[in-house]
file query-v5.pdb (PDB, C-alpha atoms and all ligand atoms)
ATOM      1  CA  MET A 928     190.442 288.491  91.238  1.00  0.00           C
ATOM      2  CA  LEU A 929     193.403 289.494  93.382  1.00  0.00           C
ATOM      3  CA  ARG A 930     193.130 288.541  97.041  1.00  0.00           C
ATOM      4  CA  ALA A 931     195.803 289.736  99.469  1.00  0.00           C
ATOM      5  CA  ILE A 932     196.605 289.169 103.114  1.00  0.00           C
ATOM      6  CA  TYR A 933     198.035 291.947 105.241  1.00  0.00           C
ATOM      7  CA  PRO A 934     199.283 290.071 108.324  1.00  0.00           C
ATOM      8  CA  GLY A 935     200.470 291.443 111.632  1.00  0.00           C
ATOM      9  CA  SER A 936     200.129 291.607 115.369  1.00  0.00           C
ATOM     10  CA  PHE A 937     198.235 294.940 115.373  1.00  0.00           C
ATOM     11  CA  ASP A 938     198.756 295.375 119.120  1.00  0.00           C
ATOM     12  CA  PRO A 939     197.153 297.881 118.611  1.00  0.00           C
ATOM     13  CA  VAL A 940     196.421 299.055 115.061  1.00  0.00           C
ATOM     14  CA  THR A 941     198.069 302.441 114.355  1.00  0.00           C
ATOM     15  CA  TYR A 942     197.732 305.115 111.667  1.00  0.00           C
ATOM     16  CA  GLY A 943     200.808 303.477 110.063  1.00  0.00           C
ATOM     17  CA  HIS A 944     198.908 300.197 109.652  1.00  0.00           C
ATOM     18  CA  MET A 945     195.856 302.070 108.391  1.00  0.00           C
ATOM     19  CA  ASP A 946     197.986 303.789 105.754  1.00  0.00           C
ATOM     20  CA  ILE A 947     199.052 300.366 104.411  1.00  0.00           C
ATOM     21  CA  ILE A 948     195.516 298.944 104.740  1.00  0.00           C
ATOM     22  CA  GLU A 949     193.909 301.809 102.808  1.00  0.00           C
ATOM     23  CA  ARG A 950     196.536 301.884 100.053  1.00  0.00           C
ATOM     24  CA  SER A 951     196.518 298.123  99.518  1.00  0.00           C
ATOM     25  CA  HIS A 952     192.697 298.125  99.634  1.00  0.00           C
ATOM     26  CA  ASN A 953     192.862 300.439  96.583  1.00  0.00           C
ATOM     27  CA  ILE A 954     195.028 297.937  94.686  1.00  0.00           C
ATOM     28  CA  VAL A 955     193.468 294.530  95.341  1.00  0.00           C
ATOM     29  CA  ASP A 956     189.999 293.023  94.875  1.00  0.00           C
ATOM     30  CA  GLU A 957     189.862 291.659  98.409  1.00  0.00           C
ATOM     31  CA  LEU A 958     192.015 292.436 101.424  1.00  0.00           C
ATOM     32  CA  ILE A 959     192.216 290.080 104.381  1.00  0.00           C
ATOM     33  CA  VAL A 960     193.823 291.537 107.476  1.00  0.00           C
ATOM     34  CA  GLY A 961     195.313 288.529 109.294  1.00  0.00           C
ATOM     35  CA  VAL A 962     195.659 289.114 113.033  1.00  0.00           C
ATOM     36  CA  LEU A 963     198.240 286.839 114.657  1.00  0.00           C
ATOM     37  CA  CYS A 964     197.148 285.127 117.879  1.00  0.00           C
ATOM     38  CA  ASN A 965     200.711 285.604 119.122  1.00  0.00           C
ATOM     39  CA  LYS A 966     200.563 284.038 122.580  1.00  0.00           C
ATOM     40  CA  ALA A 967     204.380 283.858 122.710  1.00  0.00           C
ATOM     41  CA  LYS A 968     204.648 287.656 122.330  1.00  0.00           C
ATOM     42  CA  MET A 969     202.280 288.297 125.305  1.00  0.00           C
ATOM     43  CA  PRO A 970     200.260 290.973 123.519  1.00  0.00           C
ATOM     44  CA  LEU A 971     198.685 293.843 125.442  1.00  0.00           C
ATOM     45  CA  PHE A 972     195.341 293.228 123.732  1.00  0.00           C
ATOM     46  CA  SER A 973     193.712 289.830 123.239  1.00  0.00           C
ATOM     47  CA  VAL A 974     193.222 288.739 119.658  1.00  0.00           C
ATOM     48  CA  GLU A 975     189.468 289.374 120.024  1.00  0.00           C
ATOM     49  CA  GLU A 976     190.162 292.946 121.164  1.00  0.00           C
ATOM     50  CA  ARG A 977     192.611 293.546 118.299  1.00  0.00           C
ATOM     51  CA  VAL A 978     190.133 292.190 115.746  1.00  0.00           C
ATOM     52  CA  LYS A 979     187.347 294.358 117.193  1.00  0.00           C
ATOM     53  CA  MET A 980     189.457 297.526 116.990  1.00  0.00           C
ATOM     54  CA  LEU A 981     190.505 296.727 113.416  1.00  0.00           C
ATOM     55  CA  LYS A 982     186.870 296.148 112.424  1.00  0.00           C
ATOM     56  CA  GLU A 983     185.880 299.473 113.944  1.00  0.00           C
ATOM     57  CA  VAL A 984     188.612 301.538 112.250  1.00  0.00           C
ATOM     58  CA  THR A 985     188.129 299.905 108.818  1.00  0.00           C
ATOM     59  CA  LYS A 986     184.325 299.929 108.842  1.00  0.00           C
ATOM     60  CA  ASP A 987     184.172 302.262 105.809  1.00  0.00           C
ATOM     61  CA  LEU A 988     186.156 299.890 103.585  1.00  0.00           C
ATOM     62  CA  ASN A 989     184.027 297.459 101.585  1.00  0.00           C
ATOM     63  CA  LYS A 990     186.543 294.870 100.308  1.00  0.00           C
ATOM     64  CA  ILE A 991     188.054 293.924 103.640  1.00  0.00           C
ATOM     65  CA  ARG A 992     187.839 291.037 106.113  1.00  0.00           C
ATOM     66  CA  ILE A 993     189.555 290.929 109.500  1.00  0.00           C
ATOM     67  CA  ILE A 994     190.438 287.362 110.449  1.00  0.00           C
ATOM     68  CA  PRO A 995     192.549 285.987 113.323  1.00  0.00           C
ATOM     69  CA  PHE A 996     195.123 283.323 112.560  1.00  0.00           C
ATOM     70  CA  ASP A 997     197.506 281.008 114.343  1.00  0.00           C
ATOM     71  CA  GLY A 998     200.417 278.992 112.989  1.00  0.00           C
ATOM     72  CA  LEU A 999     202.274 279.614 109.753  1.00  0.00           C
ATOM     73  CA  LEU A1000     201.323 282.598 107.638  1.00  0.00           C
ATOM     74  CA  VAL A1001     201.698 280.583 104.421  1.00  0.00           C
ATOM     75  CA  ASP A1002     199.186 278.011 105.711  1.00  0.00           C
ATOM     76  CA  PHE A1003     196.741 280.811 106.491  1.00  0.00           C
ATOM     77  CA  ALA A1004     197.373 282.302 103.032  1.00  0.00           C
ATOM     78  CA  ALA A1005     196.666 278.912 101.405  1.00  0.00           C
ATOM     79  CA  LYS A1006     193.495 278.460 103.469  1.00  0.00           C
ATOM     80  CA  MET A1007     192.258 281.898 102.435  1.00  0.00           C
ATOM     81  CA  LYS A1008     193.263 281.263  98.792  1.00  0.00           C
ATOM     82  CA  ALA A1009     195.314 284.467  98.845  1.00  0.00           C
ATOM     83  CA  ASP A1010     197.609 285.412  95.971  1.00  0.00           C
ATOM     84  CA  LEU A1011     199.676 287.935  97.848  1.00  0.00           C
ATOM     85  CA  ILE A1012     201.065 288.825 101.240  1.00  0.00           C
ATOM     86  CA  ILE A1013     201.400 292.563 101.811  1.00  0.00           C
ATOM     87  CA  ARG A1014     203.848 294.078 104.277  1.00  0.00           C
ATOM     88  CA  GLY A1015     204.765 297.678 105.023  1.00  0.00           C
ATOM     89  CA  LEU A1016     208.390 298.827 105.029  1.00  0.00           C
ATOM     90  CA  ARG A1017     209.105 301.793 107.241  1.00  0.00           C
ATOM     91  CA  ALA A1018     212.871 302.113 107.170  1.00  0.00           C
ATOM     92  CA  ILE A1019     216.032 300.199 106.402  1.00  0.00           C
ATOM     93  CA  THR A1020     215.817 298.688 109.896  1.00  0.00           C
ATOM     94  CA  ASP A1021     212.701 296.750 108.802  1.00  0.00           C
ATOM     95  CA  PHE A1022     214.353 295.428 105.696  1.00  0.00           C
ATOM     96  CA  GLU A1023     216.460 292.555 107.006  1.00  0.00           C
ATOM     97  CA  TYR A1024     213.615 290.972 108.970  1.00  0.00           C
ATOM     98  CA  GLU A1025     211.131 291.470 106.140  1.00  0.00           C
ATOM     99  CA  LEU A1026     213.515 290.053 103.530  1.00  0.00           C
ATOM    100  CA  GLN A1027     214.162 286.973 105.665  1.00  0.00           C
ATOM    101  CA  MET A1028     210.451 286.492 106.295  1.00  0.00           C
ATOM    102  CA  SER A1029     209.430 286.874 102.649  1.00  0.00           C
ATOM    103  CA  GLN A1030     212.180 284.530 101.444  1.00  0.00           C
ATOM    104  CA  THR A1031     211.281 281.931 104.083  1.00  0.00           C
ATOM    105  CA  ASN A1032     207.610 282.176 103.132  1.00  0.00           C
ATOM    106  CA  HIS A1033     208.525 281.812  99.464  1.00  0.00           C
ATOM    107  CA  LYS A1034     210.550 278.665 100.233  1.00  0.00           C
ATOM    108  CA  LEU A1035     207.650 277.250 102.223  1.00  0.00           C
ATOM    109  CA  GLU A1036     205.024 278.159  99.622  1.00  0.00           C
ATOM    110  CA  PRO A1037     206.380 279.264  96.214  1.00  0.00           C
ATOM    111  CA  ASN A1038     202.888 280.216  95.000  1.00  0.00           C
ATOM    112  CA  VAL A1039     202.480 283.052  97.482  1.00  0.00           C
ATOM    113  CA  GLU A1040     204.313 286.293  96.736  1.00  0.00           C
ATOM    114  CA  THR A1041     205.103 289.086  99.170  1.00  0.00           C
ATOM    115  CA  MET A1042     204.551 292.659  98.063  1.00  0.00           C
ATOM    116  CA  PHE A1043     205.996 295.590 100.018  1.00  0.00           C
ATOM    117  CA  LEU A1044     204.485 299.034 100.315  1.00  0.00           C
ATOM    118  CA  THR A1045     206.724 301.744 101.718  1.00  0.00           C
ATOM    119  CA  THR A1046     205.033 303.446 104.635  1.00  0.00           C
ATOM    120  CA  SER A1047     204.060 307.072 104.026  1.00  0.00           C
ATOM    121  CA  ILE A1048     206.757 309.387 105.388  1.00  0.00           C
ATOM    122  CA  GLU A1049     204.530 310.827 108.117  1.00  0.00           C
ATOM    123  CA  TYR A1050     204.242 307.365 109.716  1.00  0.00           C
ATOM    124  CA  SER A1051     207.751 306.027 109.097  1.00  0.00           C
ATOM    125  CA  TYR A1052     208.697 306.388 112.785  1.00  0.00           C
ATOM    126  CA  LEU A1053     205.501 304.867 114.154  1.00  0.00           C
ATOM    127  CA  SER A1054     205.115 301.437 115.761  1.00  0.00           C
ATOM    128  CA  SER A1055     202.658 299.683 118.067  1.00  0.00           C
ATOM    129  CA  THR A1056     205.488 299.369 120.618  1.00  0.00           C
ATOM    130  CA  THR A1057     205.920 303.170 120.717  1.00  0.00           C
ATOM    131  CA  VAL A1058     202.167 303.644 120.969  1.00  0.00           C
ATOM    132  CA  ARG A1059     201.915 301.230 123.930  1.00  0.00           C
ATOM    133  CA  GLU A1060     204.739 303.084 125.675  1.00  0.00           C
ATOM    134  CA  ILE A1061     203.135 306.505 125.151  1.00  0.00           C
ATOM    135  CA  ALA A1062     199.843 305.095 126.450  1.00  0.00           C
ATOM    136  CA  ALA A1063     201.543 303.561 129.499  1.00  0.00           C
ATOM    137  CA  PHE A1064     202.784 307.030 130.501  1.00  0.00           C
ATOM    138  CA  GLY A1065     199.518 308.785 129.742  1.00  0.00           C
ATOM    139  CA  GLY A1066     200.776 310.660 126.659  1.00  0.00           C
ATOM    140  CA  ASP A1067     198.661 312.176 123.900  1.00  0.00           C
ATOM    141  CA  LEU A1068     197.830 309.435 121.393  1.00  0.00           C
ATOM    142  CA  SER A1069     195.872 311.500 118.897  1.00  0.00           C
ATOM    143  CA  GLN A1070     198.594 311.638 116.215  1.00  0.00           C
ATOM    144  CA  PHE A1071     199.256 307.923 116.346  1.00  0.00           C
ATOM    145  CA  VAL A1072     195.984 305.986 116.572  1.00  0.00           C
ATOM    146  CA  PRO A1073     192.292 306.633 115.848  1.00  0.00           C
ATOM    147  CA  GLU A1074     190.232 307.804 118.831  1.00  0.00           C
ATOM    148  CA  ALA A1075     188.473 304.419 119.134  1.00  0.00           C
ATOM    149  CA  VAL A1076     191.870 302.780 119.683  1.00  0.00           C
ATOM    150  CA  ALA A1077     193.049 305.520 122.050  1.00  0.00           C
ATOM    151  CA  VAL A1078     189.946 304.898 124.177  1.00  0.00           C
ATOM    152  CA  GLU A1079     190.767 301.169 124.415  1.00  0.00           C
ATOM    153  CA  LEU A1080     194.416 301.923 125.258  1.00  0.00           C
ATOM    154  CA  ARG A1081     193.434 304.303 128.051  1.00  0.00           C
ATOM    155  CA  LYS A1082     190.991 301.703 129.426  1.00  0.00           C
ATOM    156  CA  LYS A1083     193.622 298.971 129.281  1.00  0.00           C
ATOM    157  CA  MET A1084     196.271 301.115 130.972  1.00  0.00           C
ATOM    158  CA  SER A1085     193.886 302.181 133.748  1.00  0.00           C
ATOM    159  CA  THR A1086     193.341 298.510 134.686  1.00  0.00           C
ATOM    160  CA  LYS A1087     197.045 297.674 134.739  1.00  0.00           C
ATOM    161  CA  GLY A1088     197.639 299.368 138.084  1.00  0.00           C
ATOM    162  CA  GLU A1089     200.709 300.926 139.610  1.00  0.00           C
ATOM    163  CA  CYS A1090     203.843 300.793 137.450  1.00  0.00           C
ATOM    164  CA  ASN A1091     201.678 299.067 134.824  1.00  0.00           C
ATOM    165  CA  LYS A1092     202.668 295.637 136.123  1.00  0.00           C
TER     166      LYS A1092
HETATM  167  O1  LIG B1101     203.112 292.950 113.107  1.00  0.00           O
HETATM  168  P1  LIG B1101     204.237 291.973 113.158  1.00  0.00           P
HETATM  169  O2  LIG B1101     204.410 291.455 114.574  1.00  0.00           O
HETATM  170  O3  LIG B1101     205.520 292.527 112.585  1.00  0.00           O
HETATM  171  O4  LIG B1101     203.786 290.722 112.227  1.00  0.00           O
HETATM  172  C1  LIG B1101     204.616 289.587 112.116  1.00  0.00           C
HETATM  173  C2  LIG B1101     203.896 288.432 111.415  1.00  0.00           C
HETATM  174  C3  LIG B1101     202.548 288.152 112.047  1.00  0.00           C
HETATM  175  C4  LIG B1101     203.693 288.792 109.961  1.00  0.00           C
HETATM  176  C5  LIG B1101     204.833 287.188 111.523  1.00  0.00           C
HETATM  177  O5  LIG B1101     205.243 287.036 112.837  1.00  0.00           O
HETATM  178  C6  LIG B1101     204.172 285.907 111.047  1.00  0.00           C
HETATM  179  O6  LIG B1101     203.915 285.747 109.874  1.00  0.00           O
HETATM  180  N1  LIG B1101     203.938 284.989 111.976  1.00  0.00           N
HETATM  181  C7  LIG B1101     203.313 283.714 111.687  1.00  0.00           C
HETATM  182  C8  LIG B1101     204.314 282.572 111.850  1.00  0.00           C
HETATM  183  C9  LIG B1101     205.088 282.321 110.583  1.00  0.00           C
HETATM  184  O7  LIG B1101     204.534 282.103 109.519  1.00  0.00           O
HETATM  185  N2  LIG B1101     206.425 282.378 110.670  1.00  0.00           N
HETATM  186  C10 LIG B1101     207.307 282.101 109.553  1.00  0.00           C
HETATM  187  C11 LIG B1101     207.616 283.357 108.764  1.00  0.00           C
HETATM  188  S1  LIG B1101     209.323 283.701 108.904  1.00  0.00           S
END
call {"tool": "encode", "arguments": {"input": "query-v5.pdb", "output": "structure tokens"}}
result
Amino acid sequence: MLRAIYPGSFDPVTYGHMDIIERSHNIVDELIVGVLCNKAKMPLFSVEERVKMLKEVTKDLNKIRIIPFDGLLVDFAAKMKADLIIRGLRAITDFEYELQMSQTNHKLEPNVETMFLTTSIEYSYLSSTTVREIAAFGGDLSQFVPEAVAVELRKKMSTKGECNK
């Protein structure tokens, strides 16, 4: 029984995240998507909204749970009895941060391993930050996020007012 956690901010979930979710879902027995309640990062979407969108776009997967978490990822992994942390690597620019994070997590909790999946080439440029920026300027989101997420982004941007302040 291999249980993995795919952690992130998912603000919002993109096709790049879904690529990693679907591919890791094929490998493990249970996949827990851990959604960080990152108050410090001032997310665009509340954790409840991010969880709801993730549940909607992964509704066809049968070995998945979407769970919010706060605090250290290794503590969440221990609580969930997870064997693995999964992270996506898009480009060399991700590597330094991901290496530091996986080594720190390994120091904190030697029993939890991090496994990296390289993002499929068609999504290697994609990030939630880019998606939020495109949405803020009313751009076409269809190549980047599922329609259910695009709807929520358009709603959110329409309530942010002039200059999106
Ligand atoms: O989608 P993101 O923002 O790149 O995800 C980052 C995340 C949530 C994986 C990372 O910030 C995290 O694990 N935060 C929890 C706090 C923690 O455990 N920090 C120590 C690891 S260096």
call {"tool": "closest_atom_pairs", "arguments": {"input": "query-v5.pdb", "of": "chain A", "to": "ligand LIG 1101 (chain B)", "cutoff": "6 Å", "atoms": "all atoms listed in the file", "output": "Markdown table"}}
result
| residue | atom | partner | partner_atom | distance |
| --- | --- | --- | --- | --- |
| A:Pro934 | CA | B:LIG1101 | C4 | 4.9 |
| A:Gly935 | CA | B:LIG1101 | O1 | 3.4 |
| A:Ser936 | CA | B:LIG1101 | O1 | 4.0 |
| A:Phe937 | CA | B:LIG1101 | O1 | 5.7 |
| A:Leu963 | CA | B:LIG1101 | C3 | 5.2 |
| A:Gly998 | CA | B:LIG1101 | C8 | 5.4 |
| A:Leu999 | CA | B:LIG1101 | O7 | 3.4 |
| A:Leu1000 | CA | B:LIG1101 | O7 | 3.8 |
| A:Met1028 | CA | B:LIG1101 | S1 | 4.0 |
| A:Thr1031 | CA | B:LIG1101 | S1 | 5.5 |
| A:Asn1032 | CA | B:LIG1101 | C11 | 5.8 |
call {"tool": "resolve_selection", "arguments": {"input": "query-v5.pdb", "expression": "the PyMOL selection byres (((chain A and resi 929) around 8) and not hetatm)", "output": "JSON, numbers by chain"}}
result
{"A": [928, 930, 931, 955, 956, 957, 1009, 1010, 1011]}
call {"tool": "resolve_selection", "arguments": {"input": "query-v5.pdb", "expression": "the PyMOL selection byres (((chain A and resi 1018) around 10) and not hetatm)", "output": "VMD selection string"}}
result
chain A and resid 1015 to 1017 1019 to 1022 1045 to 1046 1048 1051 to 1052
call {"tool": "atom_distance", "arguments": {"input": "query-v5.pdb", "atom1": "atom CA of A:Pro1073", "atom2": "atom CA of A:Thr941"}}
result
7.3 Å
call {"tool": "resolve_selection", "arguments": {"input": "query-v5.pdb", "expression": "the PyMOL selection byres (((chain A and resi 1058-1068) around 7) and not hetatm)", "output": "VMD selection string"}}
result
chain A and resid 1054 to 1057 1069 to 1072 1077 1080 to 1081 1084 1091
call {"tool": "atom_distance", "arguments": {"input": "query-v5.pdb", "atom1": "atom CA of A:Ile959", "atom2": "atom CA of A:Tyr1024"}}
result
21.9 Å
call {"tool": "closest_residue", "arguments": {"input": "query-v5.pdb", "among": "A:Asp997, A:Asp946, A:Asp938, A:Glu1074", "to": "A:Pro970", "atoms": "only C-alpha atoms"}}
result
A:Asp938
call {"tool": "closest_residue", "arguments": {"input": "query-v5.pdb", "among": "A:Lys1087, A:Arg1014, A:His944, A:Lys1008", "to": "A:Thr1041", "atoms": "all atoms listed in the file"}}
result
A:Arg1014
call {"tool": "axis_aligned_box", "arguments": {"input": "query-v5.pdb", "around": "stretch 980-990 of chain A", "padding_each_side": "4 Å", "output": "lines of an AutoDock Vina configuration file"}}
result
center_x = 187.3
center_y = 298.6
center_z = 108.6
size_x = 14.5
size_y = 15.4
size_z = 24.7
call {"tool": "residues_around", "arguments": {"input": "query-v5.pdb", "residues": "stretch 992-994 of chain A", "least_positions_apart": "2", "cutoff": "7 Å", "atoms": "all atoms listed in the file", "output": "ChimeraX atom specification"}}
result
/A:958-962,978,982,996
call {"tool": "atom_distance", "arguments": {"input": "query-v5.pdb", "atom1": "atom CA of A:Glu949", "atom2": "atom CA of A:Pro995"}}
result
19.0 Å
call {"tool": "closest_residue", "arguments": {"input": "query-v5.pdb", "among": "A:Leu1035, A:Leu981, A:Met969, A:Val1076", "to": "A:Ala1005", "atoms": "only C-alpha atoms"}}
result
A:Leu1035
call {"tool": "build_atoms", "arguments": {"input": "query-v5.pdb", "residues": "stretch 1068-1079 of chain A", "atoms": "all heavy atoms", "output": "JSON list (two decimals), in the coordinates of the input"}}
result
[["chain", "number", "residue", "atom", "x", "y", "z"],
["A", 1068, "LEU", "N", 197.76, 310.47, 122.43],
["A", 1068, "LEU", "CA", 197.83, 309.44, 121.39],
["A", 1068, "LEU", "C", 197.22, 309.88, 120.06],
["A", 1068, "LEU", "O", 197.23, 309.13, 119.10],
["A", 1068, "LEU", "CB", 197.08, 308.18, 121.88],
["A", 1068, "LEU", "CG", 197.71, 307.46, 123.07],
["A", 1068, "LEU", "CD1", 196.69, 306.55, 123.75],
["A", 1068, "LEU", "CD2", 198.92, 306.66, 122.62],
["A", 1069, "SER", "N", 196.73, 311.12, 120.02],
["A", 1069, "SER", "CA", 195.87, 311.50, 118.90],
["A", 1069, "SER", "C", 196.57, 311.48, 117.53],
["A", 1069, "SER", "O", 195.92, 311.30, 116.51],
["A", 1069, "SER", "CB", 195.25, 312.87, 119.15],
["A", 1069, "SER", "OG", 196.27, 313.82, 119.33],
["A", 1070, "GLN", "N", 197.89, 311.65, 117.51],
["A", 1070, "GLN", "CA", 198.59, 311.64, 116.22],
["A", 1070, "GLN", "C", 198.93, 310.23, 115.75],
["A", 1070, "GLN", "O", 199.38, 310.03, 114.63],
["A", 1070, "GLN", "CB", 199.92, 312.38, 116.33],
["A", 1070, "GLN", "CG", 199.82, 313.83, 116.67],
["A", 1070, "GLN", "CD", 201.22, 314.42, 116.77],
["A", 1070, "GLN", "OE1", 201.93, 314.54, 115.78],
["A", 1070, "GLN", "NE2", 201.62, 314.74, 117.99],
["A", 1071, "PHE", "N", 198.72, 309.26, 116.62],
["A", 1071, "PHE", "CA", 199.26, 307.92, 116.35],
["A", 1071, "PHE", "C", 198.20, 306.86, 116.07],
["A", 1071, "PHE", "O", 198.43, 305.92, 115.31],
["A", 1071, "PHE", "CB", 200.14, 307.46, 117.52],
["A", 1071, "PHE", "CG", 201.12, 308.50, 117.97],
["A", 1071, "PHE", "CD1", 201.12, 308.97, 119.27],
["A", 1071, "PHE", "CD2", 202.03, 309.02, 117.07],
["A", 1071, "PHE", "CE1", 202.03, 309.95, 119.68],
["A", 1071, "PHE", "CE2", 202.95, 310.00, 117.46],
["A", 1071, "PHE", "CZ", 202.94, 310.47, 118.77],
["A", 1072, "VAL", "N", 197.05, 306.99, 116.72],
["A", 1072, "VAL", "CA", 195.98, 305.99, 116.57],
["A", 1072, "VAL", "C", 194.63, 306.69, 116.50],
["A", 1072, "VAL", "O", 194.46, 307.78, 117.04],
["A", 1072, "VAL", "CB", 195.96, 304.98, 117.77],
["A", 1072, "VAL", "CG1", 197.22, 304.14, 117.82],
["A", 1072, "VAL", "CG2", 195.70, 305.67, 119.09],
["A", 1073, "PRO", "N", 193.64, 306.06, 115.85],
["A", 1073, "PRO", "CA", 192.29, 306.63, 115.85],
["A", 1073, "PRO", "C", 191.74, 306.69, 117.28],
["A", 1073, "PRO", "O", 192.16, 305.90, 118.14],
["A", 1073, "PRO", "CB", 191.48, 305.64, 115.00],
["A", 1073, "PRO", "CG", 192.47, 304.82, 114.26],
["A", 1073, "PRO", "CD", 193.72, 304.80, 115.08],
["A", 1074, "GLU", "N", 190.78, 307.59, 117.48],
["A", 1074, "GLU", "CA", 190.23, 307.80, 118.83],
["A", 1074, "GLU", "C", 189.69, 306.50, 119.44],
["A", 1074, "GLU", "O", 189.86, 306.25, 120.62],
["A", 1074, "GLU", "CB", 189.16, 308.91, 118.77],
["A", 1074, "GLU", "CG", 188.52, 309.28, 120.10],
["A", 1074, "GLU", "CD", 189.49, 309.65, 121.23],
["A", 1074, "GLU", "OE1", 190.65, 310.03, 120.95],
["A", 1074, "GLU", "OE2", 189.10, 309.53, 122.40],
["A", 1075, "ALA", "N", 189.05, 305.68, 118.60],
["A", 1075, "ALA", "CA", 188.47, 304.42, 119.13],
["A", 1075, "ALA", "C", 189.57, 303.54, 119.75],
["A", 1075, "ALA", "O", 189.33, 302.86, 120.76],
["A", 1075, "ALA", "CB", 187.76, 303.65, 118.01],
["A", 1076, "VAL", "N", 190.75, 303.57, 119.16],
["A", 1076, "VAL", "CA", 191.87, 302.78, 119.68],
["A", 1076, "VAL", "C", 192.46, 303.46, 120.93],
["A", 1076, "VAL", "O", 192.79, 302.78, 121.91],
["A", 1076, "VAL", "CB", 192.95, 302.58, 118.58],
["A", 1076, "VAL", "CG1", 194.18, 301.85, 119.13],
["A", 1076, "VAL", "CG2", 192.36, 301.83, 117.39],
["A", 1077, "ALA", "N", 192.54, 304.77, 120.89],
["A", 1077, "ALA", "CA", 193.05, 305.52, 122.05],
["A", 1077, "ALA", "C", 192.18, 305.25, 123.28],
["A", 1077, "ALA", "O", 192.69, 305.06, 124.39],
["A", 1077, "ALA", "CB", 193.09, 307.01, 121.73],
["A", 1078, "VAL", "N", 190.88, 305.18, 123.07],
["A", 1078, "VAL", "CA", 189.95, 304.90, 124.18],
["A", 1078, "VAL", "C", 190.27, 303.54, 124.78],
["A", 1078, "VAL", "O", 190.37, 303.38, 126.01],
["A", 1078, "VAL", "CB", 188.47, 304.94, 123.67],
["A", 1078, "VAL", "CG1", 187.51, 304.34, 124.69],
["A", 1078, "VAL", "CG2", 188.06, 306.37, 123.33],
["A", 1079, "GLU", "N", 190.47, 302.53, 123.93],
["A", 1079, "GLU", "CA", 190.77, 301.17, 124.42],
["A", 1079, "GLU", "C", 192.12, 301.13, 125.12],
["A", 1079, "GLU", "O", 192.28, 300.43, 126.13],
["A", 1079, "GLU", "CB", 190.75, 300.16, 123.25],
["A", 1079, "GLU", "CG", 189.39, 299.98, 122.62],
["A", 1079, "GLU", "CD", 188.29, 299.60, 123.62],
["A", 1079, "GLU", "OE1", 188.54, 298.78, 124.51],
["A", 1079, "GLU", "OE2", 187.19, 300.16, 123.51]]
